[in-house]
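What follows is the content of model27.txt, which has compact mmCIF, C-alpha atoms (C1' of nucleotides):
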# COMPACT_ATOMS: atom_id res chain seq x y z
CA MET A 27 100.18 104.44 108.22
CA ARG A 28 102.67 101.61 108.75
CA ARG A 29 106.33 101.87 107.89
CA ASN A 30 107.55 98.35 107.17
CA PRO A 31 109.20 98.80 103.73
CA GLU A 32 109.38 95.11 102.75
CA ARG A 33 105.73 94.64 103.52
CA ARG A 34 104.84 97.81 101.67
CA GLN A 35 106.74 96.63 98.61
CA ALA A 36 105.05 93.25 98.81
CA LEU A 37 101.68 94.95 98.94
CA ILE A 38 102.53 97.10 95.94
CA ASP A 39 103.62 94.06 93.99
CA ALA A 40 100.37 92.39 94.90
CA ALA A 41 98.53 95.51 93.75
CA ILE A 42 100.22 95.22 90.36
CA GLU A 43 98.95 91.69 89.98
CA VAL A 44 95.47 92.76 90.98
CA LEU A 45 95.54 95.59 88.46
CA ALA A 46 96.49 93.22 85.68
CA LYS A 47 93.95 90.60 86.66
CA GLU A 48 90.96 92.65 87.73
CA GLY A 49 91.47 96.05 86.18
CA ALA A 50 91.72 99.43 87.82
CA ARG A 51 88.33 99.37 89.41
CA GLY A 52 89.11 96.00 90.94
CA LEU A 53 92.06 97.41 92.84
CA THR A 54 90.71 97.51 96.39
CA PHE A 55 92.28 97.04 99.78
CA ARG A 56 90.59 93.70 100.16
CA ALA A 57 91.83 92.45 96.80
CA VAL A 58 95.38 93.50 97.62
CA ASP A 59 95.21 91.79 100.99
CA ALA A 60 93.99 88.61 99.36
CA GLU A 61 96.58 88.69 96.58
CA ALA A 62 99.42 89.34 99.02
CA ALA A 63 98.05 86.65 101.34
CA VAL A 64 98.02 88.98 104.32
CA PRO A 65 95.18 89.44 106.76
CA PRO A 66 92.35 91.68 105.59
CA GLY A 67 92.85 95.20 106.80
CA THR A 68 96.60 95.22 106.28
CA ALA A 69 96.61 97.26 103.07
CA SER A 70 94.31 99.72 104.71
CA ASN A 71 97.06 100.32 107.26
CA TYR A 72 99.66 101.08 104.59
CA PHE A 73 97.73 103.35 102.26
CA ALA A 74 95.61 106.25 103.34
CA ASN A 75 92.93 105.57 100.71
CA ARG A 76 92.55 104.15 97.23
CA ASP A 77 93.93 107.28 95.63
CA ASP A 78 97.08 106.93 97.67
CA LEU A 79 97.33 103.29 96.67
CA PHE A 80 97.14 104.18 92.98
CA THR A 81 99.74 106.89 93.32
CA GLN A 82 102.20 104.69 95.15
CA VAL A 83 101.82 101.90 92.64
CA GLY A 84 102.30 104.42 89.84
CA GLY A 85 105.51 105.54 91.45
CA ARG A 86 106.97 102.06 91.66
CA ILE A 87 105.74 100.16 88.69
CA TYR A 88 108.20 101.73 86.30
CA GLU A 89 111.09 100.45 88.36
CA ARG A 90 109.83 96.93 87.97
CA LEU A 91 109.73 97.30 84.19
CA LEU A 92 113.26 98.63 83.83
CA PRO A 93 116.09 96.17 83.17
CA ASP A 94 117.97 94.79 86.13
CA ASP A 95 121.63 95.57 86.69
CA ALA A 96 122.91 92.45 84.95
CA THR A 97 121.02 93.32 81.80
CA ILE A 98 122.28 96.88 81.87
CA ALA A 99 125.84 95.64 82.20
CA ARG A 100 125.44 93.29 79.26
CA SER A 101 123.93 96.06 77.19
CA ARG A 102 127.15 98.04 77.51
CA GLU A 103 129.30 95.23 76.22
CA GLY A 104 130.26 94.86 72.60
CA VAL A 105 130.42 97.30 69.76
CA PRO A 106 127.29 99.36 69.32
CA ASP A 107 126.07 98.63 65.83
CA GLN A 108 122.70 97.94 64.30
CA THR A 109 122.74 94.24 65.09
CA ARG A 110 123.56 94.93 68.70
CA TYR A 111 120.86 97.56 68.85
CA ALA A 112 118.29 95.20 67.44
CA GLU A 113 119.27 92.60 70.02
CA LEU A 114 118.75 95.18 72.72
CA MET A 115 115.33 96.08 71.44
CA HIS A 116 114.35 92.42 71.28
CA GLU A 117 115.51 92.14 74.86
CA VAL A 118 113.35 95.09 75.87
CA VAL A 119 110.26 93.78 74.11
CA GLY A 120 110.85 90.30 75.47
CA ARG A 121 111.46 91.39 79.02
CA VAL A 122 108.55 93.78 79.16
CA SER A 123 106.08 91.41 77.62
CA ALA A 124 107.34 88.59 79.80
CA PHE A 125 106.46 90.66 82.86
CA ASN A 126 102.98 90.46 81.53
CA SER A 127 101.10 91.72 84.52
CA GLY A 128 103.48 94.63 85.00
CA TYR A 129 102.82 96.08 81.61
CA LEU A 130 99.11 95.40 81.75
CA ALA A 131 99.02 97.10 85.13
CA LEU A 132 100.78 100.09 83.64
CA LEU A 133 98.17 100.27 80.90
CA GLU A 134 95.43 100.12 83.49
CA LEU A 135 97.12 102.89 85.41
CA ARG A 136 97.41 105.04 82.31
CA LEU A 137 93.68 104.74 81.72
CA GLU A 138 92.91 105.32 85.37
CA SER A 139 95.11 108.42 85.31
CA THR A 140 92.42 110.00 83.15
CA ARG A 141 90.42 110.22 86.35
CA ARG A 142 93.16 110.77 88.94
CA PRO A 143 95.29 113.90 88.58
CA GLU A 144 97.85 112.81 91.18
CA LEU A 145 98.41 109.53 89.44
CA ARG A 146 98.71 111.31 86.12
CA ALA A 147 101.36 113.61 87.52
CA VAL A 148 103.41 110.70 88.82
CA LEU A 149 103.16 108.72 85.60
CA THR A 150 103.98 111.72 83.45
CA GLU A 151 107.13 112.35 85.42
CA ARG A 152 108.33 108.75 85.34
CA ILE A 153 107.67 108.25 81.68
CA ARG A 154 109.30 111.48 80.68
CA GLU A 155 112.37 110.45 82.63
CA ASP A 156 112.42 107.14 80.83
CA ILE A 157 112.08 108.73 77.41
CA ASP A 158 114.80 111.25 78.14
CA ALA A 159 117.07 108.47 79.37
CA ASN A 160 116.50 106.53 76.19
CA ILE A 161 117.28 109.52 74.01
CA GLY A 162 120.40 110.27 76.02
CA HIS A 163 121.53 106.68 75.93
CA HIS A 164 121.13 106.53 72.21
CA ALA A 165 122.95 109.79 71.65
CA ALA A 166 125.84 108.57 73.79
CA SER A 167 126.08 105.36 71.80
CA GLY A 168 127.17 107.27 68.72
CA LEU A 169 124.80 105.33 66.50
CA PRO A 170 123.08 107.16 63.67
CA GLY A 171 119.58 108.44 64.21
CA ASP A 172 118.37 111.53 66.03
CA SER A 173 115.94 111.89 68.91
CA THR A 174 113.00 111.60 66.53
CA SER A 175 114.25 108.16 65.51
CA VAL A 176 114.32 107.10 69.13
CA LEU A 177 110.84 108.43 69.72
CA LEU A 178 109.39 106.68 66.70
CA LEU A 179 110.98 103.46 67.87
CA TYR A 180 109.55 104.06 71.32
CA LEU A 181 106.08 104.56 69.89
CA ALA A 182 106.14 101.52 67.66
CA LEU A 183 107.57 99.13 70.22
CA ASN A 184 105.12 100.21 72.88
CA TRP A 185 102.13 99.54 70.71
CA LEU A 186 103.65 96.28 69.57
CA ILE A 187 103.84 95.12 73.16
CA MET A 188 100.33 96.36 73.73
CA GLU A 189 99.17 94.35 70.75
CA ARG A 190 100.96 91.24 71.91
CA LEU A 191 99.55 91.45 75.41
CA THR A 192 95.96 92.35 74.67
CA LEU A 193 95.21 90.78 71.28
CA PRO A 194 97.95 88.21 70.72
CA ASP A 195 96.32 86.79 67.61
CA ILE A 196 96.66 89.95 65.56
CA PHE A 197 100.34 89.35 64.83
CA THR A 198 102.27 86.12 64.80
CA GLU A 199 105.48 85.80 66.80
CA GLN A 200 107.31 85.79 63.50
CA GLN A 201 105.65 89.02 62.38
CA MET A 202 106.41 90.72 65.65
CA HIS A 203 110.03 89.71 65.46
CA GLU A 204 110.28 91.13 61.96
CA LEU A 205 108.55 94.32 63.00
CA VAL A 206 111.09 94.91 65.75
CA ASP A 207 113.92 94.39 63.28
CA ALA A 208 112.32 96.65 60.72
CA ALA A 209 111.63 99.35 63.28
CA VAL A 210 115.25 99.36 64.41
CA GLU A 211 116.58 99.29 60.89
CA ARG A 212 114.45 102.16 59.67
CA SER A 213 115.08 104.12 62.79
CA LEU A 214 118.82 103.97 62.30
CA ASN A 215 118.96 104.29 58.53
CA THR A 216 117.36 107.63 57.96
CA ARG A 217 117.44 109.54 54.75
CA PRO A 218 119.00 112.99 54.81
CA MET B 26 65.75 91.15 74.41
CA ARG B 27 64.31 94.21 72.69
CA ARG B 28 64.61 94.90 69.00
CA ASN B 29 64.41 98.65 68.57
CA PRO B 30 67.61 99.39 66.61
CA GLU B 31 67.77 103.14 67.25
CA ARG B 32 67.42 102.63 70.96
CA ARG B 33 69.98 99.86 70.92
CA GLN B 34 72.42 102.09 69.09
CA ALA B 35 71.76 104.88 71.55
CA LEU B 36 72.47 102.52 74.43
CA ILE B 37 75.70 101.35 72.82
CA ASP B 38 76.80 104.93 72.30
CA ALA B 39 76.02 105.61 75.93
CA ALA B 40 78.04 102.54 76.85
CA ILE B 41 81.03 103.96 74.99
CA GLU B 42 80.83 107.13 77.02
CA VAL B 43 80.55 105.16 80.22
CA LEU B 44 83.57 103.08 79.28
CA ALA B 45 85.65 106.18 78.68
CA LYS B 46 84.47 107.90 81.83
CA GLU B 47 84.27 105.09 84.33
CA GLY B 48 86.42 102.33 82.91
CA ALA B 49 85.52 98.78 82.02
CA ARG B 50 84.44 97.76 85.47
CA GLY B 51 82.16 100.77 85.62
CA LEU B 52 80.22 99.61 82.60
CA THR B 53 77.03 98.38 84.19
CA PHE B 54 73.43 98.32 83.09
CA ARG B 55 72.58 101.03 85.55
CA ALA B 56 75.37 103.29 84.36
CA VAL B 57 74.31 102.85 80.74
CA ASP B 58 70.72 103.63 81.65
CA ALA B 59 71.81 106.79 83.42
CA GLU B 60 74.11 107.92 80.61
CA ALA B 61 71.46 107.32 77.96
CA ALA B 62 68.88 109.03 80.17
CA VAL B 63 66.51 106.10 80.00
CA PRO B 64 64.75 104.50 82.94
CA PRO B 65 66.79 102.02 84.97
CA GLY B 66 66.29 98.51 83.71
CA THR B 67 66.20 99.47 80.03
CA ALA B 68 69.70 98.30 79.18
CA SER B 69 69.00 95.07 80.94
CA ASN B 70 66.26 94.50 78.37
CA TYR B 71 68.58 94.99 75.42
CA PHE B 72 71.57 92.94 76.51
CA ALA B 73 71.42 89.47 77.93
CA ASN B 74 74.16 90.17 80.47
CA ARG B 75 77.29 92.24 80.88
CA ASP B 76 79.29 89.95 78.66
CA ASP B 77 76.81 90.49 75.87
CA LEU B 78 76.99 94.23 76.42
CA PHE B 79 80.77 94.20 76.08
CA THR B 80 80.64 92.09 72.96
CA GLN B 81 78.08 94.29 71.23
CA VAL B 82 79.99 97.44 72.07
CA GLY B 83 83.16 95.80 70.77
CA GLY B 84 81.40 95.04 67.53
CA ARG B 85 80.28 98.62 66.96
CA ILE B 86 82.95 100.83 68.35
CA TYR B 87 85.26 100.39 65.41
CA GLU B 88 82.61 101.71 63.07
CA ARG B 89 82.45 104.92 65.07
CA LEU B 90 86.20 105.37 64.78
CA LEU B 91 86.37 104.92 61.03
CA PRO B 92 86.15 107.99 58.79
CA ASP B 93 82.75 109.01 57.54
CA ASP B 94 81.89 108.90 53.86
CA ALA B 95 82.77 112.52 53.19
CA THR B 96 86.25 112.03 54.56
CA ILE B 97 86.75 108.88 52.53
CA ALA B 98 85.70 110.71 49.41
CA ARG B 99 88.10 113.55 50.08
CA SER B 100 90.90 111.08 50.72
CA ARG B 101 90.58 109.78 47.17
CA GLU B 102 90.95 113.21 45.63
CA GLY B 103 94.25 114.62 44.52
CA VAL B 104 97.52 113.02 43.55
CA PRO B 105 98.77 110.49 46.05
CA ASP B 106 102.17 111.72 47.13
CA GLN B 107 103.93 112.01 50.44
CA THR B 108 102.41 115.37 51.31
CA ARG B 109 98.94 114.05 50.62
CA TYR B 110 99.69 110.95 52.66
CA ALA B 111 100.90 112.99 55.62
CA GLU B 112 97.74 115.06 55.46
CA LEU B 113 95.72 111.89 55.56
CA MET B 114 97.58 110.62 58.61
CA HIS B 115 97.11 113.94 60.37
CA GLU B 116 93.43 113.63 59.60
CA VAL B 117 93.34 110.14 61.09
CA VAL B 118 95.18 111.14 64.25
CA GLY B 119 93.08 114.27 64.60
CA ARG B 120 89.77 112.55 64.01
CA VAL B 121 90.50 109.65 66.32
CA SER B 122 91.81 111.73 69.14
CA ALA B 123 88.94 114.16 68.72
CA PHE B 124 86.52 111.33 69.34
CA ASN B 125 88.23 111.11 72.66
CA SER B 126 85.85 108.82 74.46
CA GLY B 127 85.67 106.43 71.52
CA TYR B 128 89.35 105.70 71.54
CA LEU B 129 89.55 105.54 75.31
CA ALA B 130 86.65 103.13 75.27
CA LEU B 131 88.48 101.00 72.75
CA LEU B 132 91.51 100.91 75.02
CA GLU B 133 89.34 99.88 77.93
CA LEU B 134 87.82 97.16 75.80
CA ARG B 135 91.24 95.87 74.79
CA LEU B 136 92.23 95.53 78.41
CA GLU B 137 88.92 93.97 79.31
CA SER B 138 89.33 91.50 76.46
CA THR B 139 92.10 89.93 78.54
CA ARG B 140 89.32 88.56 80.68
CA ARG B 141 86.55 88.02 78.10
CA PRO B 142 87.26 85.58 75.27
CA GLU B 143 84.19 86.55 73.26
CA LEU B 144 85.11 90.19 73.34
CA ARG B 145 88.67 89.32 72.37
CA ALA B 146 87.44 87.36 69.37
CA VAL B 147 85.30 90.26 68.18
CA LEU B 148 88.04 92.83 68.60
CA THR B 149 90.64 90.64 66.95
CA GLU B 150 88.46 90.23 63.91
CA ARG B 151 87.63 93.92 63.58
CA ILE B 152 91.16 95.10 64.04
CA ARG B 153 92.58 92.58 61.64
CA GLU B 154 90.09 93.75 59.05
CA ASP B 155 91.15 97.34 59.60
CA ILE B 156 94.84 96.53 59.31
CA ASP B 157 94.31 94.53 56.14
CA ALA B 158 92.24 97.34 54.69
CA ASN B 159 94.99 99.81 55.44
CA ILE B 160 97.62 97.64 53.82
CA GLY B 161 95.43 97.09 50.79
CA HIS B 162 94.61 100.75 50.50
CA HIS B 163 98.25 101.67 50.62
CA ALA B 164 99.23 99.07 48.07
CA ALA B 165 96.52 100.34 45.72
CA SER B 166 97.76 103.92 46.05
CA GLY B 167 101.00 103.05 44.31
CA LEU B 168 103.05 104.91 46.88
CA PRO B 169 106.40 103.45 47.90
CA GLY B 170 106.59 101.38 51.06
CA ASP B 171 105.62 97.77 51.65
CA SER B 172 103.23 96.27 54.16
CA THR B 173 105.86 96.48 56.88
CA SER B 174 105.96 100.24 56.37
CA VAL B 175 102.23 100.44 56.84
CA LEU B 176 102.39 98.31 59.97
CA LEU B 177 105.13 100.40 61.54
CA LEU B 178 103.12 103.50 60.82
CA TYR B 179 100.08 101.85 62.36
CA LEU B 180 102.03 100.99 65.50
CA ALA B 181 103.56 104.41 65.95
CA LEU B 182 100.39 106.37 65.32
CA ASN B 183 98.35 104.24 67.66
CA TRP B 184 100.71 104.76 70.56
CA LEU B 185 100.95 108.44 69.72
CA ILE B 186 97.19 108.76 70.09
CA MET B 187 97.36 106.71 73.27
CA GLU B 188 99.99 109.08 74.63
CA ARG B 189 97.98 112.13 73.69
CA LEU B 190 94.81 110.85 75.29
CA THR B 191 96.18 109.42 78.51
CA LEU B 192 99.24 111.54 79.33
CA PRO B 193 98.91 114.67 77.21
CA ASP B 194 101.83 116.41 78.88
CA ILE B 195 104.42 113.93 77.63
CA PHE B 196 104.54 115.43 74.16
CA THR B 197 103.67 118.91 73.01
CA GLU B 198 101.25 119.42 70.15
CA GLN B 199 104.21 120.57 68.10
CA GLN B 200 106.17 117.41 68.87
CA MET B 201 103.24 115.20 68.00
CA HIS B 202 102.75 116.95 64.72
CA GLU B 203 106.41 116.45 63.88
CA LEU B 204 106.27 112.82 64.89
CA VAL B 205 103.40 112.14 62.51
CA ASP B 206 105.33 113.80 59.68
CA ALA B 207 108.50 111.90 60.53
CA ALA B 208 106.66 108.59 60.76
CA VAL B 209 105.09 109.08 57.34
CA GLU B 210 108.33 110.22 55.78
CA ARG B 211 110.35 107.31 57.08
CA SER B 212 107.63 104.88 56.27
CA LEU B 213 107.63 105.93 52.63
CA ASN B 214 111.33 106.48 52.13
CA THR B 215 112.75 103.08 52.84
CA ARG B 216 116.22 101.97 52.02
CA PRO B 217 116.62 98.96 49.78
C1' DA C 21 36.25 104.02 62.82
C1' DA C 22 36.61 100.88 66.58
C1' DC C 23 38.96 97.07 68.38
C1' DG C 24 42.54 93.74 69.53
C1' DT C 25 47.10 92.30 69.74
C1' DA C 26 51.99 92.39 69.91
C1' DG C 27 55.92 94.67 70.85
C1' DT C 28 58.06 97.95 73.65
C1' DA C 29 58.89 101.42 77.40
C1' DC C 30 58.93 101.96 81.97
C1' DT C 31 58.69 100.95 87.03
C1' DA C 32 59.48 98.47 91.10
C1' DC C 33 61.50 95.14 93.86
C1' DA C 34 64.07 91.14 95.82
C1' DG C 35 68.12 89.23 96.84
C1' DA C 36 72.82 89.23 96.98
C1' DC C 37 77.48 90.78 96.89
C1' DG C 38 81.48 93.21 97.99
C1' DG C 39 83.98 97.03 99.81
C1' DA C 40 85.29 100.89 103.13
C1' DG C 41 86.21 102.03 107.45
C1' DT C 42 86.77 101.42 112.48
C1' DG C 43 87.64 99.76 116.90
C1' DG C 44 89.70 96.37 119.50
C1' DT C 45 93.13 92.61 120.92
C1' DG C 46 97.39 90.22 121.25
C1' DT C 47 102.40 90.51 120.73
C1' DC C 48 107.00 92.04 120.52
C1' DA C 49 110.72 95.28 121.27
C1' DA C 50 112.72 99.37 123.18
C1' DT D 4 105.56 100.35 130.66
C1' DT D 5 104.82 102.17 126.41
C1' DG D 6 104.36 102.31 121.62
C1' DA D 7 104.21 100.29 117.09
C1' DC D 8 102.40 96.80 114.57
C1' DA D 9 99.88 92.52 112.79
C1' DC D 10 95.68 90.75 112.88
C1' DC D 11 90.66 90.20 113.40
C1' DA D 12 85.57 91.17 113.81
C1' DC D 13 81.93 93.81 112.77
C1' DT D 14 78.95 97.30 110.77
C1' DC D 15 77.37 100.38 107.36
C1' DC D 16 76.78 101.43 102.80
C1' DG D 17 76.43 101.38 97.95
C1' DT D 18 75.56 98.91 93.91
C1' DC D 19 74.50 95.16 90.83
C1' DT D 20 71.71 91.58 88.52
C1' DG D 21 67.57 89.49 87.27
C1' DT D 22 62.76 89.42 87.04
C1' DA D 23 58.00 90.45 87.43
C1' DG D 24 54.50 93.38 86.33
C1' DT D 25 52.19 97.57 84.35
C1' DA D 26 51.39 101.18 80.92
C1' DC D 27 51.80 102.76 76.39
C1' DT D 28 51.85 102.81 71.31
C1' DA D 29 51.47 101.27 66.68
C1' DC D 30 49.54 98.66 63.53
C1' DG D 31 46.59 95.36 61.33
C1' DT D 32 41.89 93.58 61.16
C1' DT D 33 37.21 93.78 60.67

Before anything else, please render the file you have as structure tokens.
Amino acid sequence: MRRNPERRQALIDAAIEVLAKEGARGLTFRAVDAEAAVPPGTASNYFANRDDLFTQVGGRIYERLLPDDATIARSREGVPDQTRYAELMHEVVGRVSAFNSGYLALLELRLESTRRPELRAVLTERIREDIDANIGHHAASGLPGDSTSVLLLYLALNWLIMERLTLPDIFTEQQMHELVDAAVERSLNTRP
Amino acid sequence: MRRNPERRQALIDAAIEVLAKEGARGLTFRAVDAEAAVPPGTASNYFANRDDLFTQVGGRIYERLLPDDATIARSREGVPDQTRYAELMHEVVGRVSAFNSGYLALLELRLESTRRPELRAVLTERIREDIDANIGHHAASGLPGDSTSVLLLYLALNWLIMERLTLPDIFTEQQMHELVDAAVERSLNTRP
DNA sequence: AACGTAGTACTACAGACGGAGTGGTGTCAA
DNA sequence: TTGACACCACTCCGTCTGTAGTACTACGTT
């Protein structure tokens, strides 16, 4: 088990690409080696077995999907109102669906987690953290809408991205844009 | 290419189970043969190649996820109000997540459709039909809420089922129940 | 009722591919 | 000199597709 962190990260990034391109079953040591353009056998030195590979990718992939520091900083600027919030959500949807392979890989991992308890445990933890962070962030912003609003938004936007990435002809760009706006609007403007 | 429709259907059903259990890459002729408990080589006689197998499964799986006639009949009874509508949505979520392997198989197919244009075409058509039917059905019911409401509900419920099937520990049963209610409520009670 | 034919179920096999794992070699740094 | 690491070669194993060939069954014909 090798310890070179840069190389390990590069291998994990390669694994994400492989997941998106070939699916979960296609994620093998050989495929990762090829994708990362390292000599065959390298990945085998960094991960004990395929299970370990899945788990490590599951642990890191969420970090790659989160906004970078610059984006976070920008998100804290300005007055938090509905327009601002909608902009943010567009940013999230845009960023996540731009990192195409990352989200597809996450979907593959979710399905694979049906068969791998360790992977499921890792993903559950990461995603719960993310959801809690979103709820907390929203509460701190002082905008209307309770945690249920945030969750409904979370649900809708996730499937919207899913739809865009897997069956892009179902909705037009225009429709998707409107759906994001509508989701934000209805999330914030709740009836008593 | 054999023509026995019952046997073909049985093989497709077996393929759905295989998809859910083993993932898209695990869907092979041999695996289908084994799942359907028929001699090896049988599936190979019913589908020209793997691509054909995927496409045929994609064409049928949606039928297995739709409500049966009895459920449709019941759904037309009673006065259409919000309570009734919520019941219906609970029925949908319950039915679809009860047919566990069917929905998982559909998710696998969606991901696989990234790599198979024919499959993508089939799925796109089926899903668009379903969405249009839902919008039409809702419009005919006379309940408040426009097509955007229906779409947002569609998005949220789909991801909710996804969450329940792949990472069941993210939300409690209680939470999921509340989310369905909240989604219906907010979908119907829109602000001008 | 016997027969023939077509469609289908089943079996077996050939050929090929790809992946896991392992042991070994060269190299660089402490 | 020793240890960690990148890199490479090789073997074993499992599995997949496609096809050829045989056995069965149902049905129509005479």

- Could the residues of chain D within 10 Å of chain A, counting only C-alpha atoms (C1' of nucleotides), be given as an MDAnalysis selection string, please? chainID D and resid 7:11

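The space between atom C1' of C:DG39 and atom CA of A:Arg136 spans 23.5 Å.
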
Would you pick out the contacts of A:Leu114 at 12 Å or less, using all atoms listed in the file, so that residues sharing its chain but fewer than 2 positions from it are not included, and give the list as a CSV table (one decimal) with C-alpha atoms, in the coordinates of the input?
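For reference, part_12.csv as written:
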chain,number,residue,atom,x,y,z
A,93,PRO,CA,116.1,96.2,83.2
A,97,THR,CA,121.0,93.3,81.8
A,98,ILE,CA,122.3,96.9,81.9
A,99,ALA,CA,125.8,95.6,82.2
A,100,ARG,CA,125.4,93.3,79.3
A,101,SER,CA,123.9,96.1,77.2
A,102,ARG,CA,127.2,98.0,77.5
A,103,GLU,CA,129.3,95.2,76.2
A,104,GLY,CA,130.3,94.9,72.6
A,106,PRO,CA,127.3,99.4,69.3
A,107,ASP,CA,126.1,98.6,65.8
A,108,GLN,CA,122.7,97.9,64.3
A,109,THR,CA,122.7,94.2,65.1
A,110,ARG,CA,123.6,94.9,68.7
A,111,TYR,CA,120.9,97.6,68.8
A,112,ALA,CA,118.3,95.2,67.4
A,116,HIS,CA,114.4,92.4,71.3
A,117,GLU,CA,115.5,92.1,74.9
A,118,VAL,CA,113.4,95.1,75.9
A,119,VAL,CA,110.3,93.8,74.1
A,120,GLY,CA,110.8,90.3,75.5
A,121,ARG,CA,111.5,91.4,79.0
A,164,HIS,CA,121.1,106.5,72.2
A,206,VAL,CA,111.1,94.9,65.8
A,207,ASP,CA,113.9,94.4,63.3
A,210,VAL,CA,115.2,99.4,64.4

Report as a tab-separated table: every residue of chain B with an atom at most 7 Å from chain A, its closest pair of atoms, and their distance in Å to one decimal, counting all atoms listed in the file, with rows sorted by chain and ascending residue number.
residue	atom	partner	partner_atom	distance
B:Arg50	CA	A:Arg51	CA	5.8
B:Arg135	CA	A:Thr192	CA	5.9
B:Leu136	CA	A:Thr192	CA	6.2
B:Ser138	CA	A:Thr192	CA	6.9
B:Thr139	CA	A:Thr192	CA	6.0
B:Arg145	CA	A:Leu193	CA	6.8
B:Thr149	CA	A:Ile196	CA	6.2
B:Arg153	CA	A:Ile196	CA	6.2
B:Leu177	CA	A:Ala182	CA	6.3
B:Leu180	CA	A:Ala182	CA	4.7
B:Ala181	CA	A:Ala182	CA	4.2
B:Asn183	CA	A:Trp185	CA	6.8
B:Trp184	CA	A:Trp185	CA	5.4
B:Leu185	CA	A:Leu181	CA	6.4
B:Thr191	CA	A:Arg136	CA	5.9
B:Leu192	CA	A:Thr150	CA	6.3
B:Asp194	CA	A:Thr150	CA	6.9
B:Ile195	CA	A:Thr150	CA	6.2
B:Ala208	CA	A:Leu178	CA	6.8

Keeping only C-alpha atoms, take the residues you just selected and write them out as an mmCIF file, keeping the file's coordinate frame.
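Output saved as selection-v7.cif:
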data_model
loop_
_atom_site.group_PDB
_atom_site.id
_atom_site.type_symbol
_atom_site.label_atom_id
_atom_site.label_comp_id
_atom_site.auth_asym_id
_atom_site.auth_seq_id
_atom_site.Cartn_x
_atom_site.Cartn_y
_atom_site.Cartn_z
ATOM 1 C CA ARG B 50 84.440 97.760 85.470
ATOM 2 C CA ARG B 135 91.240 95.870 74.790
ATOM 3 C CA LEU B 136 92.230 95.530 78.410
ATOM 4 C CA SER B 138 89.330 91.500 76.460
ATOM 5 C CA THR B 139 92.100 89.930 78.540
ATOM 6 C CA ARG B 145 88.670 89.320 72.370
ATOM 7 C CA THR B 149 90.640 90.640 66.950
ATOM 8 C CA ARG B 153 92.580 92.580 61.640
ATOM 9 C CA LEU B 177 105.130 100.400 61.540
ATOM 10 C CA LEU B 180 102.030 100.990 65.500
ATOM 11 C CA ALA B 181 103.560 104.410 65.950
ATOM 12 C CA ASN B 183 98.350 104.240 67.660
ATOM 13 C CA TRP B 184 100.710 104.760 70.560
ATOM 14 C CA LEU B 185 100.950 108.440 69.720
ATOM 15 C CA THR B 191 96.180 109.420 78.510
ATOM 16 C CA LEU B 192 99.240 111.540 79.330
ATOM 17 C CA ASP B 194 101.830 116.410 78.880
ATOM 18 C CA ILE B 195 104.420 113.930 77.630
ATOM 19 C CA ALA B 208 106.660 108.590 60.760
#

- Task: Would you kindly identify which residues have an atom no farther than 8 Å from (44.8, 98.4, 68.7), using all atoms listed in the file and the file's own coordinates, and write them out as a PyMOL selection string?
- Result: (chain C and resi 23-25) or (chain D and resi 29-30)

For the selection just defined, write its residues with C-alpha atoms (C1' of nucleotides) to a file, as a PDB file, in the frame of the given file.
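Final output, selection-v5.pdb:
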ATOM      1  C1'  DC C  23      38.960  97.070  68.380  1.00  0.00           C
ATOM      2  C1'  DG C  24      42.540  93.740  69.530  1.00  0.00           C
ATOM      3  C1'  DT C  25      47.100  92.300  69.740  1.00  0.00           C
TER       4       DT C  25
ATOM      5  C1'  DA D  29      51.470 101.270  66.680  1.00  0.00           C
ATOM      6  C1'  DC D  30      49.540  98.660  63.530  1.00  0.00           C
TER       7       DC D  30
END

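With atom CA of A:Asp95 on one side and atom CA of A:Asp172 on the other, the separation reads 26.3 Å.
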
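Near chain A, counting only C-alpha atoms (C1' of nucleotides) at 12 Å, the chain C residues are DG38, DG39, DA40, DG41 and DT42 of chain C.
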
- Note on the structure: note - atom CA of A:Glu61 and atom CA of A:Val44 are separated by 7.0 Å

- Message: Please list as a VMD selection string every residue within 12 Å of D:DC27, counting all atoms listed in the file and excluding residues in the same chain fewer than 3 positions away.
- Response: chain C and resid 27 to 30

Residue contacts of C:DC33 (12 Å, all atoms listed in the file) excluding same-chain residues fewer than 6 positions away, as a PDB file with C-alpha atoms (C1' of nucleotides), keeping the file's coordinate frame:
ATOM      1  CA  GLY B  66      66.290  98.510  83.710  1.00  0.00           C
TER       2      GLY B  66
ATOM      3  C1'  DG D  21      67.570  89.490  87.270  1.00  0.00           C
ATOM      4  C1'  DT D  22      62.760  89.420  87.040  1.00  0.00           C
ATOM      5  C1'  DA D  23      58.000  90.450  87.430  1.00  0.00           C
ATOM      6  C1'  DG D  24      54.500  93.380  86.330  1.00  0.00           C
TER       7       DG D  24
END

- Query: Which polymer residues have any atom within 12 Å of an atom of D:DT5, counting all atoms listed in the file, with same-chain residues fewer than 3 positions away left out, as a count of residues only?
  - Reply: 3

- Item | Of the listed residues B:Glu42, B:Arg141, B:Glu88, B:Gln199, that which approaches B:Glu154 most closely, counting all atoms listed in the file | B:Glu88

Set up a box along x, y and z of the file covering all listed atoms of stretch 25-31 of chain C, add 6 Å on every one of the six sides, and write the centre and edge lengths in Å to one decimal, as AutoDock Vina command-line options.
--center_x 53.0 --center_y 97.1 --center_z 78.4 --size_x 23.8 --size_y 21.7 --size_z 29.3
